[in-house]
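Content type PDB, C-alpha atoms, from the file model01.pdb:
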ATOM      1  CA  MET H   9       0.000   0.000   0.000  1.00  0.00           C
ATOM      2  CA  LYS H  10       1.321   3.471  -0.833  1.00  0.00           C
ATOM      3  CA  THR H  11       2.019   6.019   1.845  1.00  0.00           C
ATOM      4  CA  ASP H  12      -0.133   9.105   2.398  1.00  0.00           C
ATOM      5  CA  LYS H  13       2.480  11.264   0.678  1.00  0.00           C
ATOM      6  CA  GLU H  14       2.740   8.972  -2.370  1.00  0.00           C
ATOM      7  CA  VAL H  15      -1.007   9.121  -2.947  1.00  0.00           C
ATOM      8  CA  HIS H  16      -0.997  12.897  -2.620  1.00  0.00           C
ATOM      9  CA  ASP H  17       2.028  13.268  -4.910  1.00  0.00           C
ATOM     10  CA  GLU H  18       0.254  11.392  -7.699  1.00  0.00           C
ATOM     11  CA  ASP H  19      -2.258  14.247  -7.800  1.00  0.00           C
ATOM     12  CA  SER H  20       0.433  16.897  -7.901  1.00  0.00           C
ATOM     13  CA  ASP H  21       2.620  18.379 -10.625  1.00  0.00           C
ATOM     14  CA  ASP H  22       5.265  19.358  -8.046  1.00  0.00           C
ATOM     15  CA  GLN H  23       8.094  16.822  -8.120  1.00  0.00           C
ATOM     16  CA  GLU H  24      10.132  18.506  -5.394  1.00  0.00           C
ATOM     17  CA  ASN H  25      10.751  16.677  -2.129  1.00  0.00           C
ATOM     18  CA  GLU H  26       8.266  18.879  -0.300  1.00  0.00           C
ATOM     19  CA  ILE H  27       4.707  17.812   0.251  1.00  0.00           C
ATOM     20  CA  PRO H  28       2.934  20.111  -2.229  1.00  0.00           C
ATOM     21  CA  ASP H  29      -0.333  21.975  -1.747  1.00  0.00           C
ATOM     22  CA  CYS H  30      -3.147  21.149  -4.176  1.00  0.00           C
ATOM     23  CA  THR H  31      -4.546  24.635  -3.697  1.00  0.00           C
ATOM     24  CA  PRO H  32      -3.706  27.318  -1.133  1.00  0.00           C
ATOM     25  CA  ASP H  33      -6.658  26.337   1.084  1.00  0.00           C
ATOM     26  CA  CYS H  34      -6.856  22.580   0.404  1.00  0.00           C
ATOM     27  CA  PRO H  35      -8.174  20.866   3.589  1.00  0.00           C
ATOM     28  CA  CYS H  36      -6.521  17.467   3.018  1.00  0.00           C
ATOM     29  CA  PHE H  37      -4.087  16.247   5.641  1.00  0.00           C
ATOM     30  CA  ALA H  38      -1.059  16.348   3.337  1.00  0.00           C
ATOM     31  CA  CYS H  39      -1.634  19.980   2.353  1.00  0.00           C
ATOM     32  CA  GLN H  40      -2.260  21.022   5.953  1.00  0.00           C
ATOM     33  CA  PHE H  41       0.924  19.212   6.930  1.00  0.00           C
ATOM     34  CA  ALA H  42       2.860  20.854   4.085  1.00  0.00           C
ATOM     35  CA  ARG H  43       1.759  24.312   5.164  1.00  0.00           C
ATOM     36  CA  ALA H  44       2.767  23.549   8.755  1.00  0.00           C
ATOM     37  CA  ALA H  45       6.078  21.841   8.042  1.00  0.00           C
ATOM     38  CA  ARG H  46       7.640  23.245   4.857  1.00  0.00           C
ATOM     39  CA  GLY H  47      10.946  21.643   3.974  1.00  0.00           C
ATOM     40  CA  SER H  48      12.417  18.432   2.682  1.00  0.00           C
ATOM     41  CA  ILE H  49      10.894  15.145   3.686  1.00  0.00           C
ATOM     42  CA  SER H  50      13.409  12.451   4.577  1.00  0.00           C
ATOM     43  CA  ASP H  51      10.846  10.140   6.213  1.00  0.00           C
ATOM     44  CA  PRO H  52       7.299  11.261   5.351  1.00  0.00           C
ATOM     45  CA  GLN H  53       5.593   8.819   7.727  1.00  0.00           C
ATOM     46  CA  GLU H  54       7.759   9.942  10.623  1.00  0.00           C
ATOM     47  CA  ARG H  55       7.149  13.581   9.746  1.00  0.00           C
ATOM     48  CA  LEU H  56       3.371  12.987   9.518  1.00  0.00           C
ATOM     49  CA  GLU H  57       3.172  11.353  12.943  1.00  0.00           C
ATOM     50  CA  PRO H  58       3.186  14.662  14.901  1.00  0.00           C
ATOM     51  CA  TRP H  59       0.419  15.929  12.602  1.00  0.00           C
ATOM     52  CA  ARG H  60      -1.642  12.776  13.220  1.00  0.00           C
ATOM     53  CA  GLU H  61      -1.157  13.026  16.983  1.00  0.00           C
ATOM     54  CA  GLY H  62      -2.116  16.704  16.856  1.00  0.00           C
ATOM     55  CA  GLN H  63      -5.288  15.942  14.899  1.00  0.00           C
ATOM     56  CA  LEU H  64      -6.256  13.240  17.386  1.00  0.00           C
ATOM     57  CA  LEU H  65      -5.767  15.672  20.261  1.00  0.00           C
ATOM     58  CA  LYS H  66      -7.466  18.598  18.532  1.00  0.00           C
ATOM     59  CA  ASN H  67     -10.318  16.859  16.676  1.00  0.00           C
ATOM     60  CA  GLY H  68     -10.382  13.301  18.014  1.00  0.00           C
ATOM     61  CA  TRP H  69      -9.830  11.854  14.526  1.00  0.00           C
ATOM     62  CA  TYR H  70      -8.144  12.216  11.149  1.00  0.00           C
ATOM     63  CA  THR H  71      -8.425  10.649   7.699  1.00  0.00           C
ATOM     64  CA  HIS H  72      -5.788   8.293   6.334  1.00  0.00           C
ATOM     65  CA  PHE H  73      -5.610   8.160   2.526  1.00  0.00           C
ATOM     66  CA  GLY H  74      -3.966   5.180   0.872  1.00  0.00           C
ATOM     67  CA  SER H  75      -3.692   3.374  -2.424  1.00  0.00           C
ATOM     68  CA  SER H  76      -1.974   0.312  -3.796  1.00  0.00           C
ATOM     69  CA  GLY H  77      -3.016   1.027  -7.371  1.00  0.00           C
ATOM     70  CA  PRO H  78      -5.609   2.792  -9.506  1.00  0.00           C
ATOM     71  CA  PHE H  79      -8.439   0.546  -8.272  1.00  0.00           C
ATOM     72  CA  ASP H  80      -7.327   0.141  -4.660  1.00  0.00           C
ATOM     73  CA  PHE H  81      -8.033   3.546  -3.154  1.00  0.00           C
ATOM     74  CA  THR H  82      -8.986   3.915   0.520  1.00  0.00           C
ATOM     75  CA  ALA H  83      -9.818   6.809   2.788  1.00  0.00           C
ATOM     76  CA  THR H  84     -10.296   5.691   6.374  1.00  0.00           C
ATOM     77  CA  THR H  85     -10.945   7.600   9.557  1.00  0.00           C
ATOM     78  CA  ARG H  86      -8.589   7.002  12.451  1.00  0.00           C
ATOM     79  CA  GLY H  87      -9.323   7.619  16.120  1.00  0.00           C
ATOM     80  CA  LEU H  88     -12.976   6.647  16.511  1.00  0.00           C
ATOM     81  CA  GLU H  89     -11.972   3.820  18.835  1.00  0.00           C
ATOM     82  CA  ARG H  90     -11.839   6.441  21.586  1.00  0.00           C
ATOM     83  CA  TYR H  91     -15.596   6.847  21.096  1.00  0.00           C
ATOM     84  CA  GLY H  92     -16.167   3.088  21.194  1.00  0.00           C
ATOM     85  CA  HIS H  93     -16.953   3.037  17.476  1.00  0.00           C
ATOM     86  CA  ARG H  94     -15.554   1.485  14.317  1.00  0.00           C
ATOM     87  CA  ASN H  95     -13.745   3.757  11.881  1.00  0.00           C
ATOM     88  CA  PHE H  96     -15.333   4.536   8.501  1.00  0.00           C
ATOM     89  CA  GLN H  97     -13.819   3.641   5.132  1.00  0.00           C
ATOM     90  CA  ILE H  98     -14.482   4.936   1.604  1.00  0.00           C
ATOM     91  CA  VAL H  99     -13.019   3.023  -1.347  1.00  0.00           C
ATOM     92  CA  LEU H 100     -14.222   5.193  -4.244  1.00  0.00           C
ATOM     93  CA  PRO H 101     -11.554   7.599  -5.503  1.00  0.00           C
ATOM     94  CA  LEU H 102     -13.762  10.669  -5.077  1.00  0.00           C
ATOM     95  CA  ASN H 103     -12.832  14.310  -4.633  1.00  0.00           C
ATOM     96  CA  ARG H 104     -10.974  14.694  -1.322  1.00  0.00           C
ATOM     97  CA  GLY H 105     -13.277  17.490  -0.207  1.00  0.00           C
ATOM     98  CA  LEU H 106     -16.321  15.254  -0.690  1.00  0.00           C
ATOM     99  CA  ILE H 107     -14.637  12.372   1.125  1.00  0.00           C
ATOM    100  CA  LEU H 108     -13.689  14.576   4.068  1.00  0.00           C
ATOM    101  CA  SER H 109     -17.183  16.064   4.166  1.00  0.00           C
ATOM    102  CA  VAL H 110     -18.946  12.678   4.228  1.00  0.00           C
ATOM    103  CA  LEU H 111     -16.550  11.176   6.758  1.00  0.00           C
ATOM    104  CA  GLY H 112     -16.763  14.345   8.851  1.00  0.00           C
ATOM    105  CA  MET H 113     -20.560  14.093   8.984  1.00  0.00           C
ATOM    106  CA  PHE H 114     -20.357  10.508  10.192  1.00  0.00           C
ATOM    107  CA  VAL H 115     -17.735  11.439  12.789  1.00  0.00           C
ATOM    108  CA  GLU H 116     -19.824  14.317  14.148  1.00  0.00           C
ATOM    109  CA  HIS H 117     -22.773  11.968  14.581  1.00  0.00           C
ATOM    110  CA  VAL H 118     -20.517   9.503  16.444  1.00  0.00           C
ATOM    111  CA  LYS H 119     -19.075  12.260  18.642  1.00  0.00           C
ATOM    112  CA  ASN H 120     -22.668  13.234  19.502  1.00  0.00           C
ATOM    113  CA  GLY H 121     -23.419   9.702  20.659  1.00  0.00           C
ATOM    114  CA  GLN H 122     -24.985   8.108  17.583  1.00  0.00           C
ATOM    115  CA  ARG H 123     -23.880   4.566  16.783  1.00  0.00           C
ATOM    116  CA  PHE H 124     -23.761   3.067  13.309  1.00  0.00           C
ATOM    117  CA  GLU H 125     -23.968  -0.648  12.607  1.00  0.00           C
ATOM    118  CA  PRO H 126     -23.049  -2.745   9.584  1.00  0.00           C
ATOM    119  CA  ASN H 127     -25.720  -3.644   7.029  1.00  0.00           C
ATOM    120  CA  THR H 128     -27.734  -0.483   7.571  1.00  0.00           C
ATOM    121  CA  ASP H 129     -28.799   2.254   5.180  1.00  0.00           C
ATOM    122  CA  VAL H 130     -28.232   5.813   6.360  1.00  0.00           C
ATOM    123  CA  SER H 131     -30.141   8.854   5.122  1.00  0.00           C
ATOM    124  CA  ARG H 132     -29.340  12.549   5.461  1.00  0.00           C
ATOM    125  CA  ILE H 133     -25.658  12.196   4.583  1.00  0.00           C
ATOM    126  CA  ILE H 134     -26.045  12.805   0.853  1.00  0.00           C
ATOM    127  CA  VAL H 135     -29.020  14.499  -0.771  1.00  0.00           C
ATOM    128  CA  ASN H 136     -31.895  12.345  -2.076  1.00  0.00           C
ATOM    129  CA  ASN H 137     -30.186   8.976  -1.493  1.00  0.00           C
ATOM    130  CA  ASN H 138     -29.172   6.565   1.195  1.00  0.00           C
ATOM    131  CA  ILE H 139     -25.656   5.395   1.912  1.00  0.00           C
ATOM    132  CA  ARG H 140     -25.120   1.812   3.024  1.00  0.00           C
ATOM    133  CA  LEU H 141     -22.667   0.785   5.725  1.00  0.00           C
ATOM    134  CA  LEU H 142     -21.088  -2.653   5.430  1.00  0.00           C
ATOM    135  CA  SER H 143     -18.671  -4.476   7.669  1.00  0.00           C
ATOM    136  CA  ALA H 144     -15.161  -4.579   6.198  1.00  0.00           C
ATOM    137  CA  ARG H 145     -11.622  -5.173   7.408  1.00  0.00           C
ATOM    138  CA  GLU H 146      -8.612  -2.987   6.791  1.00  0.00           C
ATOM    139  CA  ASP H 147      -5.215  -4.087   8.050  1.00  0.00           C
ATOM    140  CA  GLY H 148      -6.898  -6.612  10.321  1.00  0.00           C
ATOM    141  CA  VAL H 149      -9.239  -4.053  11.909  1.00  0.00           C
ATOM    142  CA  ASN H 150     -13.034  -3.973  11.520  1.00  0.00           C
ATOM    143  CA  VAL H 151     -14.308  -0.815   9.818  1.00  0.00           C
ATOM    144  CA  LEU H 152     -17.606   0.376   8.366  1.00  0.00           C
ATOM    145  CA  ARG H 153     -17.353   0.680   4.608  1.00  0.00           C
ATOM    146  CA  VAL H 154     -19.414   3.547   3.193  1.00  0.00           C
ATOM    147  CA  ILE H 155     -21.204   2.393   0.030  1.00  0.00           C
ATOM    148  CA  PHE H 156     -22.389   5.176  -2.285  1.00  0.00           C
ATOM    149  CA  PRO H 157     -25.425   4.596  -4.544  1.00  0.00           C
ATOM    150  CA  ASP H 158     -25.353   4.809  -8.310  1.00  0.00           C
ATOM    151  CA  ASN H 159     -27.353   7.460 -10.202  1.00  0.00           C
ATOM    152  CA  GLN H 160     -30.541   5.426  -9.815  1.00  0.00           C
ATOM    153  CA  GLY H 161     -30.062   5.082  -6.048  1.00  0.00           C
ATOM    154  CA  ASN H 162     -29.094   1.399  -6.222  1.00  0.00           C
ATOM    155  CA  LEU H 163     -26.918   0.079  -3.398  1.00  0.00           C
ATOM    156  CA  ASP H 164     -26.962  -3.661  -4.114  1.00  0.00           C
ATOM    157  CA  PRO H 165     -23.965  -4.872  -6.149  1.00  0.00           C
ATOM    158  CA  GLY H 166     -26.135  -6.910  -8.526  1.00  0.00           C
ATOM    159  CA  SER H 167     -28.302  -3.976  -9.545  1.00  0.00           C
ATOM    160  CA  MET H 168     -25.949  -1.002  -9.340  1.00  0.00           C
ATOM    161  CA  ASP H 169     -23.595   0.446 -11.931  1.00  0.00           C
ATOM    162  CA  LYS H 170     -20.702  -2.006 -12.414  1.00  0.00           C
ATOM    163  CA  ASP H 171     -18.003   0.554 -11.586  1.00  0.00           C
ATOM    164  CA  LEU H 172     -19.730   1.571  -8.367  1.00  0.00           C
ATOM    165  CA  ALA H 173     -20.369  -2.089  -7.504  1.00  0.00           C
ATOM    166  CA  LYS H 174     -16.591  -2.383  -6.991  1.00  0.00           C
ATOM    167  CA  GLN H 175     -17.163  -0.765  -3.596  1.00  0.00           C
ATOM    168  CA  HIS H 176     -18.391  -4.181  -2.466  1.00  0.00           C
ATOM    169  CA  ARG H 177     -15.048  -5.869  -3.274  1.00  0.00           C
ATOM    170  CA  LYS H 178     -12.521  -6.958  -0.693  1.00  0.00           C
ATOM    171  CA  LEU H 179     -14.721  -6.503   2.332  1.00  0.00           C
ATOM    172  CA  ASN H 180     -12.647  -8.900   4.415  1.00  0.00           C
ATOM    173  CA  THR H 181      -9.008  -8.103   3.617  1.00  0.00           C
TER     174      THR H 181
END

As structure tokens - that is how I would like this structure written.
Amino acid sequence: MKTDKEVHDEDSDDQENEIPDCTPDCPCFACQFARAARGSISDPQERLEPWREGQLLKNGWYTHFGSSGPFDFTATTRGLERYGHRNFQIVLPLNRGLILSVLGMFVEHVKNGQRFEPNTDVSRIIVNNNIRLLSAREDGVNVLRVIFPDNQGNLDPGSMDKDLAKQHRKLNT
């Protein structure tokens, strides 16, 4: 699996050894880290650790982005264990702002005491459609995979758009 920095660098034209900003106000973790820690990166994971710890202290969570190829994208919350809840995972390579918004809505509900269970459909996260939560494993840890509907609102892999049905793959890896 690629590191956070490698995933971010694939989206960037900057080939320097700094973590580049997508835009001056990009909210993703790598851009926030880059603005806070300008300079060369000898060990990106080691340099990101203080940022992660700071986010856990400040917000109680952060999002880890990873990829092992063009069809193996993941964005997973970290830190929800402190609330007695599974972390959330998105496997569609969507816009980072959308990913952070959806995950942030789930996290706020959890921080306010709501509990989400696998195999349930959730409304009021995206407009006019439900999102399904399925049990999945990431690095040996149980997470709730967020399944987005296709344009017709289908959530079942047999009836939804074939590209979006890929969200149902590798639930137990």

Could you list the residues chosen by the PyMOL selection byres ((chain H and resi 69) around 9) in this structure as a list in words?
-> Arg60, Gln63, Leu64, Leu65, Lys66, Asn67, Gly68, Tyr70, Thr71, Thr85, Arg86, Gly87, Leu88 and Val115 of chain H

Can you list, as a list of chain:residue names, every protein, DNA or RNA residue that comes within 9 Å of Phe114 (chain H) when you count all atoms listed in the file, leaving out same-chain residues fewer than 4 positions away?
->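 The residues that qualify are H:Phe96, H:Ser109, H:Val110, H:Val118, H:Lys119, H:Phe124, H:Ile133.
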
Can you turn the PyMOL selection byres ((chain H and resi 101) around 8) into a concrete residue list for this file, as an NGL selection string?
-> :H and (81-82 or 99-100 or 102-103)

Produce a file of the selected residues containing C-alpha atoms, as a compact mmCIF listing (two decimals), in the coordinates of the input.
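Here's the written file out-v3.txt:
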# COMPACT_ATOMS: atom_id res chain seq x y z
CA PHE H 81 -8.03 3.55 -3.15
CA THR H 82 -8.99 3.92 0.52
CA VAL H 99 -13.02 3.02 -1.35
CA LEU H 100 -14.22 5.19 -4.24
CA LEU H 102 -13.76 10.67 -5.08
CA ASN H 103 -12.83 14.31 -4.63

Using all atoms listed in the file: which of H:Arg140, H:His93, H:Lys178, H:His72 has the shortest distance to Gly161 (chain H) | H:Arg140

Name the residues that the PyMOL selection byres ((chain H and resi 173) around 10) pulls out of this structure, and write them as a PyMOL selection string.
-> chain H and resi 155-158+162-172+174-177

Figure out the distance between CA of Gly62 (chain H) and CA of Ala83 (chain H), please, to one decimal in Å.
-> 18.8 Å

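Around Asp129 (chain H), within 9 Å and counting all atoms listed in the file, the residues found are H:Asn138, H:Ile139, H:Arg140, H:Leu141, once anything fewer than 5 positions away on its own chain is removed.
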
Hey, which of H:Ser131, H:Glu125, H:Gln160, H:Tyr91 ends up closest to Met113 (chain H)? Count all atoms listed in the file.
->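 Once distances to Met113 (chain H) are computed over all atoms listed in the file, the minimum belongs to H:Ser131.
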
Write out as a ChimeraX atom specification the residues lying within 9 Å of Asn180 (chain H), counting all atoms listed in the file and excluding same-chain residues fewer than 4 positions away.
-> /H:143-146,148,150

Same residues, C-alpha atoms, output as a compact mmCIF listing (two decimals), in the coordinates of the input:
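The result, stored in result.txt:
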# COMPACT_ATOMS: atom_id res chain seq x y z
CA SER H 143 -18.67 -4.48 7.67
CA ALA H 144 -15.16 -4.58 6.20
CA ARG H 145 -11.62 -5.17 7.41
CA GLU H 146 -8.61 -2.99 6.79
CA GLY H 148 -6.90 -6.61 10.32
CA ASN H 150 -13.03 -3.97 11.52

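When CA of Ile98 (chain H) is paired with CA of Thr128 (chain H), their separation reads 15.5 Å.
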